[in-house]
file run_36.cif (mmCIF, C-alpha atoms (C1' of nucleotides))
data_input
#
loop_
_atom_site.group_PDB
_atom_site.id
_atom_site.type_symbol
_atom_site.label_atom_id
_atom_site.label_comp_id
_atom_site.auth_asym_id
_atom_site.auth_seq_id
_atom_site.Cartn_x
_atom_site.Cartn_y
_atom_site.Cartn_z
ATOM 1 C CA MET A 1 -15.947 -46.636 -31.864
ATOM 2 C CA ASP A 2 -17.662 -43.570 -33.184
ATOM 3 C CA ALA A 3 -16.301 -40.044 -33.291
ATOM 4 C CA SER A 4 -19.440 -38.750 -31.623
ATOM 5 C CA LEU A 5 -18.527 -40.532 -28.407
ATOM 6 C CA LEU A 6 -15.738 -38.080 -27.757
ATOM 7 C CA THR A 7 -16.611 -34.941 -25.859
ATOM 8 C CA ILE A 8 -14.511 -32.043 -27.073
ATOM 9 C CA THR A 9 -14.684 -28.442 -25.957
ATOM 10 C CA PRO A 10 -12.429 -26.279 -28.154
ATOM 11 C CA GLY A 11 -12.798 -23.214 -25.971
ATOM 12 C CA ALA A 12 -11.794 -24.896 -22.719
ATOM 13 C CA ALA A 13 -8.630 -24.159 -20.793
ATOM 14 C CA GLU A 14 -7.463 -27.727 -21.229
ATOM 15 C CA PRO A 15 -5.916 -28.183 -24.670
ATOM 16 C CA ILE A 16 -7.885 -30.231 -27.160
ATOM 17 C CA TYR A 17 -5.288 -32.920 -27.682
ATOM 18 C CA ARG A 18 -5.141 -33.543 -23.971
ATOM 19 C CA GLN A 19 -8.903 -33.732 -23.656
ATOM 20 C CA ILE A 20 -8.760 -36.531 -26.192
ATOM 21 C CA VAL A 21 -5.807 -38.260 -24.551
ATOM 22 C CA GLU A 22 -7.245 -38.394 -21.074
ATOM 23 C CA GLN A 23 -10.699 -39.342 -22.206
ATOM 24 C CA LEU A 24 -9.447 -42.258 -24.258
ATOM 25 C CA ARG A 25 -7.004 -43.296 -21.571
ATOM 26 C CA ARG A 26 -9.814 -43.612 -19.079
ATOM 27 C CA MET A 27 -12.167 -45.363 -21.470
ATOM 28 C CA ILE A 28 -9.462 -47.906 -22.224
ATOM 29 C CA ALA A 29 -8.592 -48.428 -18.580
ATOM 30 C CA GLY A 30 -12.260 -48.703 -17.718
ATOM 31 C CA GLY A 31 -12.901 -51.281 -20.389
ATOM 32 C CA GLN A 32 -15.366 -49.364 -22.522
ATOM 33 C CA LEU A 33 -12.799 -49.622 -25.293
ATOM 34 C CA PRO A 34 -11.649 -53.246 -25.419
ATOM 35 C CA PRO A 35 -8.354 -54.336 -27.031
ATOM 36 C CA GLY A 36 -8.673 -54.517 -30.786
ATOM 37 C CA GLU A 37 -11.343 -51.859 -30.961
ATOM 38 C CA LEU A 38 -10.782 -49.600 -33.939
ATOM 39 C CA LEU A 39 -10.745 -45.875 -33.333
ATOM 40 C CA PRO A 40 -12.275 -43.306 -35.674
ATOM 41 C CA SER A 41 -9.775 -41.875 -38.145
ATOM 42 C CA VAL A 42 -8.097 -38.572 -37.419
ATOM 43 C CA ARG A 43 -9.983 -36.932 -40.275
ATOM 44 C CA GLU A 44 -13.261 -38.333 -39.059
ATOM 45 C CA VAL A 45 -12.789 -36.979 -35.559
ATOM 46 C CA ALA A 46 -11.439 -33.710 -36.911
ATOM 47 C CA GLY A 47 -14.345 -33.283 -39.286
ATOM 48 C CA PHE A 48 -16.986 -34.129 -36.731
ATOM 49 C CA HIS A 49 -15.665 -31.740 -34.107
ATOM 50 C CA ALA A 50 -14.368 -29.093 -36.502
ATOM 51 C CA ILE A 51 -10.776 -29.271 -35.346
ATOM 52 C CA ASN A 52 -7.465 -29.929 -37.058
ATOM 53 C CA PRO A 53 -6.505 -33.482 -38.005
ATOM 54 C CA MET A 54 -3.015 -32.952 -36.620
ATOM 55 C CA THR A 55 -4.453 -32.212 -33.224
ATOM 56 C CA VAL A 56 -6.122 -35.602 -33.197
ATOM 57 C CA SER A 57 -3.004 -37.247 -34.560
ATOM 58 C CA ARG A 58 -1.003 -35.779 -31.747
ATOM 59 C CA ALA A 59 -3.332 -37.305 -29.195
ATOM 60 C CA TYR A 60 -3.174 -40.688 -30.903
ATOM 61 C CA SER A 61 0.607 -40.560 -31.057
ATOM 62 C CA LEU A 62 0.910 -39.870 -27.356
ATOM 63 C CA LEU A 63 -1.304 -42.832 -26.559
ATOM 64 C CA GLU A 64 0.705 -44.989 -28.909
ATOM 65 C CA GLY A 65 3.803 -43.901 -26.995
ATOM 66 C CA GLU A 66 2.142 -45.106 -23.817
ATOM 67 C CA GLY A 67 1.475 -48.447 -25.423
ATOM 68 C CA LEU A 68 -2.285 -48.027 -25.220
ATOM 69 C CA LEU A 69 -2.856 -47.760 -28.978
ATOM 70 C CA GLU A 70 -1.452 -49.671 -31.927
ATOM 71 C CA ARG A 71 -0.832 -48.367 -35.399
ATOM 72 C CA LEU A 72 -2.396 -50.560 -38.061
ATOM 73 C CA ARG A 73 -0.827 -49.190 -41.219
ATOM 74 C CA GLY A 74 -3.320 -48.363 -43.870
ATOM 75 C CA THR A 75 -6.157 -49.129 -41.515
ATOM 76 C CA GLY A 76 -5.960 -46.835 -38.542
ATOM 77 C CA MET A 77 -5.448 -46.923 -34.821
ATOM 78 C CA ALA A 78 -6.711 -49.629 -32.527
ATOM 79 C CA VAL A 79 -6.635 -50.283 -28.810
ATOM 80 C CA ALA A 80 -3.499 -52.317 -28.152
ATOM 81 C CA GLN A 81 -3.806 -55.928 -27.075
ATOM 82 C CA ARG A 82 -1.366 -55.485 -24.238
ATOM 83 C CA ALA A 83 -3.484 -52.589 -22.986
ATOM 84 C CA ARG A 84 -5.637 -55.085 -21.153
ATOM 85 C CA ARG A 85 -3.206 -55.060 -18.287
ATOM 86 C CA ALA A 86 -3.185 -52.194 -15.838
ATOM 87 C CA ARG A 87 -6.807 -52.766 -15.102
ATOM 88 C CA SER A 88 -6.931 -53.682 -11.467
ATOM 89 C CA GLU A 89 -9.258 -51.449 -9.578
ATOM 90 C CA ALA A 90 -6.324 -50.108 -7.608
ATOM 91 C CA GLU A 91 -4.553 -49.135 -10.778
ATOM 92 C CA ARG A 92 -7.562 -47.388 -12.202
ATOM 93 C CA MET A 93 -7.968 -45.679 -8.873
ATOM 94 C CA SER A 94 -4.477 -44.281 -9.121
ATOM 95 C CA LEU A 95 -5.485 -42.422 -12.255
ATOM 96 C CA LEU A 96 -8.013 -40.595 -10.157
ATOM 97 C CA GLU A 97 -5.694 -39.744 -7.279
ATOM 98 C CA PRO A 98 -4.366 -36.377 -8.488
ATOM 99 C CA ARG A 99 -7.877 -35.128 -9.059
ATOM 100 C CA LEU A 100 -8.921 -36.356 -5.626
ATOM 101 C CA HIS A 101 -6.072 -34.529 -3.951
ATOM 102 C CA ASP A 102 -6.875 -31.293 -5.712
ATOM 103 C CA LEU A 103 -10.487 -31.617 -4.743
ATOM 104 C CA ALA A 104 -9.719 -32.359 -1.114
ATOM 105 C CA ARG A 105 -7.429 -29.400 -0.903
ATOM 106 C CA ALA A 106 -9.958 -27.063 -2.478
ATOM 107 C CA ALA A 107 -12.660 -28.302 -0.124
ATOM 108 C CA ARG A 108 -10.401 -27.725 2.844
ATOM 109 C CA GLU A 109 -9.562 -24.180 1.790
ATOM 110 C CA LEU A 110 -13.266 -23.533 1.347
ATOM 111 C CA GLU A 111 -13.867 -24.882 4.855
ATOM 112 C CA LEU A 112 -16.578 -27.161 3.592
ATOM 113 C CA PRO A 113 -17.679 -30.031 5.843
ATOM 114 C CA ALA A 114 -16.576 -33.414 4.528
ATOM 115 C CA GLY A 115 -20.069 -34.820 4.753
ATOM 116 C CA ARG A 116 -21.518 -32.237 2.454
ATOM 117 C CA VAL A 117 -18.848 -32.750 -0.188
ATOM 118 C CA LEU A 118 -19.193 -36.509 -0.041
ATOM 119 C CA ARG A 119 -22.956 -36.374 -0.275
ATOM 120 C CA ARG A 120 -22.874 -34.154 -3.326
ATOM 121 C CA LEU A 121 -20.288 -36.295 -5.069
ATOM 122 C CA GLY A 122 -22.426 -39.315 -4.296
ATOM 123 C CA GLU A 123 -25.334 -37.722 -6.100
ATOM 124 C CA LEU A 124 -23.255 -36.957 -9.151
ATOM 125 C CA LEU A 125 -21.879 -40.466 -9.281
ATOM 126 C CA GLU A 126 -25.399 -41.871 -9.250
ATOM 127 C CA ASP A 127 -26.718 -39.560 -11.946
ATOM 128 C CA GLY A 128 -24.255 -40.829 -14.470
ATOM 129 C CA GLU A 129 -25.393 -44.405 -14.514
ATOM 130 C CA MET B 1 -0.792 -13.572 6.461
ATOM 131 C CA ASP B 2 2.591 -15.007 5.695
ATOM 132 C CA ALA B 3 4.072 -15.663 2.269
ATOM 133 C CA SER B 4 4.911 -19.210 3.322
ATOM 134 C CA LEU B 5 1.213 -20.096 3.458
ATOM 135 C CA LEU B 6 0.974 -19.983 -0.311
ATOM 136 C CA THR B 7 1.718 -23.168 -2.173
ATOM 137 C CA ILE B 8 3.328 -22.421 -5.498
ATOM 138 C CA THR B 9 4.556 -24.929 -8.045
ATOM 139 C CA PRO B 10 6.441 -23.160 -10.844
ATOM 140 C CA GLY B 11 6.650 -26.261 -13.015
ATOM 141 C CA ALA B 12 2.936 -27.032 -12.958
ATOM 142 C CA ALA B 13 0.673 -26.815 -15.962
ATOM 143 C CA GLU B 14 -1.459 -24.217 -14.256
ATOM 144 C CA PRO B 15 0.139 -20.792 -14.565
ATOM 145 C CA ILE B 16 1.617 -19.324 -11.407
ATOM 146 C CA TYR B 17 -0.576 -16.249 -11.294
ATOM 147 C CA ARG B 18 -3.661 -18.406 -11.436
ATOM 148 C CA GLN B 19 -2.419 -20.724 -8.712
ATOM 149 C CA ILE B 20 -2.216 -17.667 -6.493
ATOM 150 C CA VAL B 21 -5.587 -16.315 -7.564
ATOM 151 C CA GLU B 22 -7.540 -19.481 -6.966
ATOM 152 C CA GLN B 23 -5.811 -20.305 -3.735
ATOM 153 C CA LEU B 24 -6.498 -16.891 -2.243
ATOM 154 C CA ARG B 25 -10.024 -16.874 -3.582
ATOM 155 C CA ARG B 26 -10.802 -20.089 -1.739
ATOM 156 C CA MET B 27 -9.064 -19.025 1.456
ATOM 157 C CA ILE B 28 -11.108 -15.833 1.454
ATOM 158 C CA ALA B 29 -14.364 -17.625 0.723
ATOM 159 C CA GLY B 30 -13.558 -20.191 3.379
ATOM 160 C CA GLY B 31 -12.832 -17.599 6.014
ATOM 161 C CA GLN B 32 -9.177 -18.398 6.662
ATOM 162 C CA LEU B 33 -8.462 -14.901 5.425
ATOM 163 C CA PRO B 34 -10.912 -12.598 7.190
ATOM 164 C CA PRO B 35 -11.775 -9.110 5.884
ATOM 165 C CA GLY B 36 -9.075 -6.625 6.768
ATOM 166 C CA GLU B 37 -6.317 -9.236 6.797
ATOM 167 C CA LEU B 38 -3.153 -7.849 5.251
ATOM 168 C CA LEU B 39 -1.520 -9.856 2.501
ATOM 169 C CA PRO B 40 2.236 -10.257 2.106
ATOM 170 C CA SER B 41 3.741 -7.696 -0.267
ATOM 171 C CA VAL B 42 4.363 -8.667 -3.855
ATOM 172 C CA ARG B 43 8.101 -8.463 -3.287
ATOM 173 C CA GLU B 44 7.849 -10.633 -0.224
ATOM 174 C CA VAL B 45 5.924 -13.370 -2.003
ATOM 175 C CA ALA B 46 8.161 -13.097 -5.042
ATOM 176 C CA GLY B 47 11.310 -13.347 -2.953
ATOM 177 C CA PHE B 48 10.106 -16.269 -0.872
ATOM 178 C CA HIS B 49 9.028 -18.342 -3.846
ATOM 179 C CA ALA B 50 11.672 -17.105 -6.270
ATOM 180 C CA ILE B 51 9.231 -15.777 -8.802
ATOM 181 C CA ASN B 52 8.727 -12.443 -10.481
ATOM 182 C CA PRO B 53 7.059 -9.644 -8.507
ATOM 183 C CA MET B 54 4.934 -8.722 -11.496
ATOM 184 C CA THR B 55 3.483 -12.206 -11.542
ATOM 185 C CA VAL B 56 2.252 -11.718 -7.985
ATOM 186 C CA SER B 57 1.015 -8.245 -8.804
ATOM 187 C CA ARG B 58 -0.972 -9.668 -11.649
ATOM 188 C CA ALA B 59 -2.716 -12.108 -9.324
ATOM 189 C CA TYR B 60 -3.480 -9.367 -6.787
ATOM 190 C CA SER B 61 -4.882 -7.129 -9.498
ATOM 191 C CA LEU B 62 -7.237 -9.789 -10.719
ATOM 192 C CA LEU B 63 -8.557 -10.339 -7.216
ATOM 193 C CA GLU B 64 -8.942 -6.603 -6.748
ATOM 194 C CA GLY B 65 -10.989 -6.609 -9.940
ATOM 195 C CA GLU B 66 -13.248 -9.223 -8.401
ATOM 196 C CA GLY B 67 -13.698 -7.055 -5.359
ATOM 197 C CA LEU B 68 -12.049 -9.566 -3.054
ATOM 198 C CA LEU B 69 -8.983 -7.447 -2.307
ATOM 199 C CA GLU B 70 -8.575 -3.784 -1.487
ATOM 200 C CA ARG B 71 -5.644 -1.589 -2.286
ATOM 201 C CA LEU B 72 -4.387 0.256 0.776
ATOM 202 C CA ARG B 73 -2.064 2.803 -0.760
ATOM 203 C CA GLY B 74 1.303 2.867 0.833
ATOM 204 C CA THR B 75 0.453 -0.173 2.928
ATOM 205 C CA GLY B 76 -0.380 -3.077 0.647
ATOM 206 C CA MET B 77 -3.282 -5.312 -0.236
ATOM 207 C CA ALA B 78 -5.910 -6.445 2.235
ATOM 208 C CA VAL B 79 -8.956 -8.647 2.102
ATOM 209 C CA ALA B 80 -11.888 -6.403 1.226
ATOM 210 C CA GLN B 81 -14.562 -5.725 3.843
ATOM 211 C CA ARG B 82 -17.367 -6.448 1.446
ATOM 212 C CA ALA B 83 -15.769 -9.813 0.727
ATOM 213 C CA ARG B 84 -17.564 -11.172 3.750
ATOM 214 C CA ARG B 85 -20.679 -11.736 1.710
ATOM 215 C CA ALA B 86 -20.980 -14.680 -0.643
ATOM 216 C CA ARG B 87 -20.111 -17.036 2.137
ATOM 217 C CA SER B 88 -23.099 -19.244 2.609
ATOM 218 C CA GLU B 89 -22.175 -22.889 2.526
ATOM 219 C CA ALA B 90 -24.182 -23.273 -0.657
ATOM 220 C CA GLU B 91 -22.224 -20.512 -2.297
ATOM 221 C CA ARG B 92 -18.895 -21.971 -1.307
ATOM 222 C CA MET B 93 -20.146 -25.309 -2.514
ATOM 223 C CA SER B 94 -20.822 -23.857 -5.918
ATOM 224 C CA LEU B 95 -17.140 -23.050 -6.271
ATOM 225 C CA LEU B 96 -16.464 -26.744 -5.968
ATOM 226 C CA GLU B 97 -19.110 -27.887 -8.436
ATOM 227 C CA PRO B 98 -17.052 -27.861 -11.656
ATOM 228 C CA ARG B 99 -14.362 -29.936 -10.021
ATOM 229 C CA LEU B 100 -16.952 -32.369 -8.714
ATOM 230 C CA HIS B 101 -18.432 -32.834 -12.154
ATOM 231 C CA ASP B 102 -15.053 -33.507 -13.716
ATOM 232 C CA LEU B 103 -14.266 -36.008 -11.029
ATOM 233 C CA ALA B 104 -17.565 -37.811 -11.401
ATOM 234 C CA ARG B 105 -17.118 -38.058 -15.120
ATOM 235 C CA ALA B 106 -13.589 -39.397 -14.818
ATOM 236 C CA ALA B 107 -14.694 -41.948 -12.255
ATOM 237 C CA ARG B 108 -17.480 -43.083 -14.559
ATOM 238 C CA GLU B 109 -15.150 -43.497 -17.511
ATOM 239 C CA LEU B 110 -12.833 -45.491 -15.307
ATOM 240 C CA GLU B 111 -15.769 -47.669 -14.281
ATOM 241 C CA LEU B 112 -14.911 -47.234 -10.650
ATOM 242 C CA PRO B 113 -17.550 -48.094 -8.041
ATOM 243 C CA ALA B 114 -18.966 -45.022 -6.312
ATOM 244 C CA GLY B 115 -18.290 -46.458 -2.879
ATOM 245 C CA ARG B 116 -14.611 -46.777 -3.475
ATOM 246 C CA VAL B 117 -14.253 -43.231 -4.745
ATOM 247 C CA LEU B 118 -16.243 -41.815 -1.874
ATOM 248 C CA ARG B 119 -14.283 -43.763 0.704
ATOM 249 C CA ARG B 120 -10.977 -42.552 -0.665
ATOM 250 C CA LEU B 121 -12.101 -38.969 -0.810
ATOM 251 C CA GLY B 122 -13.299 -39.307 2.750
ATOM 252 C CA GLU B 123 -9.825 -40.336 3.834
ATOM 253 C CA LEU B 124 -8.221 -37.396 2.083
ATOM 254 C CA LEU B 125 -10.672 -34.958 3.627
ATOM 255 C CA GLU B 126 -9.851 -36.266 7.091
ATOM 256 C CA ASP B 127 -6.088 -36.116 6.614
ATOM 257 C CA GLY B 128 -6.170 -32.422 6.008
ATOM 258 C CA GLU B 129 -7.484 -31.374 9.362
ATOM 259 C "C1'" DC C 1 10.140 16.472 5.699
ATOM 260 C "C1'" DC C 2 11.752 12.556 3.472
ATOM 261 C "C1'" DA C 3 13.553 7.861 3.256
ATOM 262 C "C1'" DC C 4 11.219 3.832 2.753
ATOM 263 C "C1'" DG C 5 7.890 0.475 1.385
ATOM 264 C "C1'" DT C 6 3.567 -0.125 -1.023
ATOM 265 C "C1'" DG C 7 1.558 -1.635 -5.929
ATOM 266 C "C1'" DT C 8 1.859 -0.781 -10.927
ATOM 267 C "C1'" DA C 9 2.829 0.681 -15.678
ATOM 268 C "C1'" DT C 10 6.033 -0.074 -19.406
ATOM 269 C "C1'" DT C 11 8.984 -2.285 -22.644
ATOM 270 C "C1'" DG C 12 11.374 -5.938 -24.259
ATOM 271 C "C1'" DT C 13 12.892 -10.685 -24.407
ATOM 272 C "C1'" DT C 14 12.578 -15.558 -23.864
ATOM 273 C "C1'" DG C 15 10.591 -19.976 -23.817
ATOM 274 C "C1'" DT C 16 6.822 -22.842 -24.517
ATOM 275 C "C1'" DA C 17 2.384 -24.665 -25.965
ATOM 276 C "C1'" DT C 18 -1.174 -25.068 -29.105
ATOM 277 C "C1'" DT C 19 -3.137 -25.154 -33.376
ATOM 278 C "C1'" DG C 20 -3.058 -24.995 -38.165
ATOM 279 C "C1'" DA C 21 -1.723 -25.749 -43.452
ATOM 280 C "C1'" DT C 22 0.636 -28.530 -46.486
ATOM 281 C "C1'" DA C 23 2.836 -32.357 -48.418
ATOM 282 C "C1'" DC C 24 4.355 -36.943 -47.925
ATOM 283 C "C1'" DA C 25 4.862 -42.249 -47.243
ATOM 284 C "C1'" DC C 26 2.359 -46.104 -46.837
ATOM 285 C "C1'" DA C 27 -1.080 -50.100 -46.961
ATOM 286 C "C1'" DT C 28 -5.532 -51.511 -48.335
ATOM 287 C "C1'" DG C 29 -8.773 -53.372 -51.539
ATOM 288 C "C1'" DG C 30 -11.592 -53.357 -55.582
ATOM 289 C "C1'" DC D 1 -2.384 -51.428 -60.268
ATOM 290 C "C1'" DC D 2 -3.911 -47.353 -58.425
ATOM 291 C "C1'" DA D 3 -7.454 -44.573 -56.213
ATOM 292 C "C1'" DT D 4 -8.481 -44.093 -51.640
ATOM 293 C "C1'" DG D 5 -7.827 -43.890 -47.005
ATOM 294 C "C1'" DT D 6 -4.572 -44.351 -43.235
ATOM 295 C "C1'" DG D 7 -1.176 -41.602 -39.962
ATOM 296 C "C1'" DT D 8 2.457 -38.026 -39.688
ATOM 297 C "C1'" DA D 9 6.646 -35.114 -40.560
ATOM 298 C "C1'" DT D 10 7.544 -30.400 -41.256
ATOM 299 C "C1'" DC D 11 7.091 -25.668 -41.012
ATOM 300 C "C1'" DA D 12 4.619 -21.547 -39.670
ATOM 301 C "C1'" DA D 13 1.485 -18.633 -36.975
ATOM 302 C "C1'" DT D 14 -0.283 -17.365 -32.860
ATOM 303 C "C1'" DA D 15 -0.942 -16.818 -28.120
ATOM 304 C "C1'" DC D 16 0.416 -17.017 -23.511
ATOM 305 C "C1'" DA D 17 3.264 -17.030 -19.431
ATOM 306 C "C1'" DA D 18 7.083 -15.553 -17.098
ATOM 307 C "C1'" DC D 19 11.052 -12.880 -16.423
ATOM 308 C "C1'" DA D 20 13.945 -8.708 -16.342
ATOM 309 C "C1'" DA D 21 14.878 -4.043 -15.556
ATOM 310 C "C1'" DT D 22 13.118 0.419 -14.935
ATOM 311 C "C1'" DA D 23 10.567 4.139 -13.531
ATOM 312 C "C1'" DC D 24 6.651 5.974 -11.392
ATOM 313 C "C1'" DA D 25 2.842 7.501 -7.965
ATOM 314 C "C1'" DC D 26 1.529 7.203 -3.545
ATOM 315 C "C1'" DG D 27 1.139 6.874 1.647
ATOM 316 C "C1'" DT D 28 3.424 5.647 5.951
ATOM 317 C "C1'" DG D 29 6.131 6.637 9.759
ATOM 318 C "C1'" DG D 30 10.283 7.974 12.040
#
call {"tool": "encode", "arguments": {"input": "run_36.cif", "output": "structure tokens"}}
result
Amino acid sequence: MDASLLTITPGAAEPIYRQIVEQLRRMIAGGQLPPGELLPSVREVAGFHAINPMTVSRAYSLLEGEGLLERLRGTGMAVAQRARRARSEAERMSLLEPRLHDLARAARELELPAGRVLRRLGELLEDGE
Amino acid sequence: MDASLLTITPGAAEPIYRQIVEQLRRMIAGGQLPPGELLPSVREVAGFHAINPMTVSRAYSLLEGEGLLERLRGTGMAVAQRARRARSEAERMSLLEPRLHDLARAARELELPAGRVLRRLGELLEDGE
DNA sequence: CCACGTGTATTGTTGTATTGATACACATGG
DNA sequence: CCATGTGTATCAATACAACAATACACGTGG
């Protein structure tokens, strides 16, 4: 995997390390990062995005704690073999649930018709592919 | 409006004052809080939710700065009259856009089929009403 | 008139989160 | 064998959020 595949926004409200964590978590769960895949080194990511190596390391460590990454000493970090599990559609869906709830609540408070929200989301989901 | 209508989660990642700000902003844009509506006093909200009065005051001040609330001296805060504008469906929709983009991106990284996401969101939107 | 209820300014303290700078231990691989 | 590249432990700096305790300015309403 290449460092350029990560999207990092230093100025955002969401902390950098968490941007990395959640992005990688989803890409692993989704299968874009298969088990065994080697991740870019902390210094590589840090250099490319002009951030601190420790910030990247922190993200990697958290994912290692979750069992999603493996430390290959002297080589780097790789997607763990046992990370292949937890890949049923239902399980991936559960990672999206909190965001869905927040969205539904916001839409309700805005008194927006369900149809309109669904239609717009449909468009955005198409655009990506 | 009653203090119990606000949903506040002290332990959440999102700071309390911003939870209040965004919630009120949406309820005003959505029309649940019509112009002239009197808000609960800072001490009332603070007491009910066991938080600091200054935290509530901070949220109110920010909304006053946006022109959404009006200070009625000696009485409290009320939804501003001129807040009625900016209420077209398109405008309310725009408040939801960032969240929609995030969701679409997450769904893509999770490799979830659009249909499934849309169906689930549909359910959640129904439940609310 | 004046007690009471508004919001707010002020000051200080506490806890936490985030990021950064530096130095270190370790395995690889020519 | 040792230069090079891994990740990371440690400490510090900074910023932010929230709380606490006052005191204040102001209008309402009995």
call {"tool": "resolve_selection", "arguments": {"input": "run_36.cif", "expression": "the PyMOL selection byres ((chain C and resi 20) around 12)", "output": "number ranges by chain"}}
result
A: 51-55; C: 18-19, 21-22; D: 11-14
call {"tool": "resolve_selection", "arguments": {"input": "run_36.cif", "expression": "the PyMOL selection byres ((chain A) within 6 of (chain B))", "output": "count of residues only"}}
result
8
call {"tool": "atom_distance", "arguments": {"input": "run_36.cif", "atom1": "C1' of DG29 in chain C", "atom2": "CA of Val42 in chain A"}}
result
20.5 Å
call {"tool": "resolve_selection", "arguments": {"input": "run_36.cif", "expression": "the PyMOL selection byres ((chain D and resi 20) around 9)", "output": "PyMOL selection string"}}
result
(chain B and resi 52) or (chain C and resi 12-13) or (chain D and resi 19+21)
call {"tool": "interface_residues", "arguments": {"input": "run_36.cif", "of": "chain B", "to": "chain C", "cutoff": "7 Å", "atoms": "all atoms listed in the file", "output": "list of chain:residue names"}}
result
B:Arg73, B:Gly74, B:Thr75, B:Gly76
call {"tool": "axis_aligned_box", "arguments": {"input": "run_36.cif", "around": "range 24-36 of chain A", "padding_each_side": "8 Å", "output": "AutoDock Vina command-line options"}}
result
--center_x -11.2 --center_y -48.4 --center_z -24.3 --size_x 24.4 --size_y 28.3 --size_z 29.1
call {"tool": "interface_residues", "arguments": {"input": "run_36.cif", "of": "chain D", "to": "chain B", "cutoff": "8 Å", "atoms": "only C-alpha atoms (C1' of nucleotides)", "output": "number ranges by chain"}}
result
D: 17-19, 26-28
call {"tool": "atom_distance", "arguments": {"input": "run_36.cif", "atom1": "CA of Ser41 in chain A", "atom2": "CA of Glu70 in chain A"}}
result
13.0 Å
call {"tool": "atom_distance", "arguments": {"input": "run_36.cif", "atom1": "CA of Val45 in chain A", "atom2": "CA of Ala3 in chain A"}}
result
5.2 Å
call {"tool": "closest_residue", "arguments": {"input": "run_36.cif", "among": "B:His49, B:Arg58, B:Arg82, B:Arg71", "to": "Ser4 in chain B", "atoms": "all atoms listed in the file"}}
result
B:His49
call {"tool": "residues_around", "arguments": {"input": "run_36.cif", "residues": "Met1 in chain B", "least_positions_apart": "3", "cutoff": "7 Å", "atoms": "all atoms listed in the file", "output": "list in words"}}
result
Leu38, Leu39 and Pro40 of chain B
call {"tool": "decode", "arguments": {"input": "run_36.cif", "residues": "range 19-29 of chain D", "atoms": "N, CA, C and O atoms (P, O5', C5', C4', C3', O3' and C1' of nucleotides)", "output": "compact mmCIF listing (two decimals), in the first residue's frame"}}
result
# COMPACT_ATOMS: atom_id res chain seq x y z
P DC D 19 -19.21 20.70 32.90
O5' DC D 19 -18.46 21.25 34.20
C5' DC D 19 -17.48 20.42 34.82
C4' DC D 19 -16.78 21.21 35.91
C3' DC D 19 -17.73 21.93 36.86
O3' DC D 19 -17.49 21.45 38.16
C1' DC D 19 -15.95 23.34 36.16
P DA D 20 -18.56 21.74 39.31
O5' DA D 20 -17.93 22.98 40.07
C5' DA D 20 -16.56 22.94 40.42
C4' DA D 20 -16.14 24.28 40.97
C3' DA D 20 -17.24 25.04 41.72
O3' DA D 20 -16.78 25.25 43.04
C1' DA D 20 -16.11 26.46 40.17
P DA D 21 -17.82 25.71 44.18
O5' DA D 21 -17.49 27.27 44.30
C5' DA D 21 -16.13 27.68 44.17
C4' DA D 21 -16.09 29.19 44.06
C3' DA D 21 -17.31 29.87 44.70
O3' DA D 21 -16.87 31.00 45.42
C1' DA D 21 -17.06 30.58 42.47
P DT D 22 -17.82 31.58 46.62
O5' DT D 22 -18.19 33.04 46.12
C5' DT D 22 -18.35 33.26 44.76
C4' DT D 22 -17.57 34.48 44.30
C3' DT D 22 -18.38 35.75 44.49
O3' DT D 22 -17.58 36.79 45.03
C1' DT D 22 -17.94 35.33 42.14
P DA D 23 -18.41 38.04 45.67
O5' DA D 23 -18.55 38.99 44.40
C5' DA D 23 -17.41 39.24 43.60
C4' DA D 23 -17.84 39.95 42.32
C3' DA D 23 -18.89 41.04 42.55
O3' DA D 23 -18.46 42.24 41.93
C1' DA D 23 -19.59 39.56 40.84
P DC D 24 -19.27 43.62 42.20
O5' DC D 24 -19.99 43.86 40.81
C5' DC D 24 -19.23 43.75 39.61
C4' DC D 24 -20.14 43.57 38.42
C3' DC D 24 -21.29 44.57 38.37
O3' DC D 24 -21.02 45.54 37.37
C1' DC D 24 -21.95 42.36 37.70
P DA D 25 -21.89 46.90 37.37
O5' DA D 25 -22.91 46.62 36.19
C5' DA D 25 -22.41 46.13 34.94
C4' DA D 25 -23.57 45.85 34.00
C3' DA D 25 -24.68 46.90 34.06
O3' DA D 25 -25.14 47.16 32.74
C1' DA D 25 -25.57 44.77 34.59
P DC D 26 -26.16 48.36 32.50
O5' DC D 26 -27.55 47.59 32.38
C5' DC D 26 -27.67 46.58 31.40
C4' DC D 26 -28.91 45.75 31.68
C3' DC D 26 -30.18 46.59 31.92
O3' DC D 26 -30.95 46.58 30.75
C1' DC D 26 -30.02 44.65 33.34
P DG D 27 -32.23 47.57 30.65
O5' DG D 27 -33.42 46.56 30.97
C5' DG D 27 -33.63 45.46 30.11
C4' DG D 27 -34.65 44.51 30.71
C3' DG D 27 -36.04 45.10 30.95
O3' DG D 27 -37.00 44.16 30.49
C1' DG D 27 -35.20 44.18 32.98
P DT D 28 -38.53 44.59 30.41
O5' DT D 28 -39.17 43.55 31.42
C5' DT D 28 -38.65 42.22 31.43
C4' DT D 28 -39.18 41.47 32.63
C3' DT D 28 -40.66 41.70 32.93
O3' DT D 28 -41.28 40.44 33.11
C1' DT D 28 -39.36 42.11 34.88
P DG D 29 -42.88 40.37 33.02
O5' DG D 29 -43.29 40.44 34.56
C5' DG D 29 -42.66 39.55 35.48
C4' DG D 29 -43.08 39.91 36.89
C3' DG D 29 -44.53 40.39 37.01
O3' DG D 29 -45.05 39.93 38.24
C1' DG D 29 -43.11 42.05 37.83
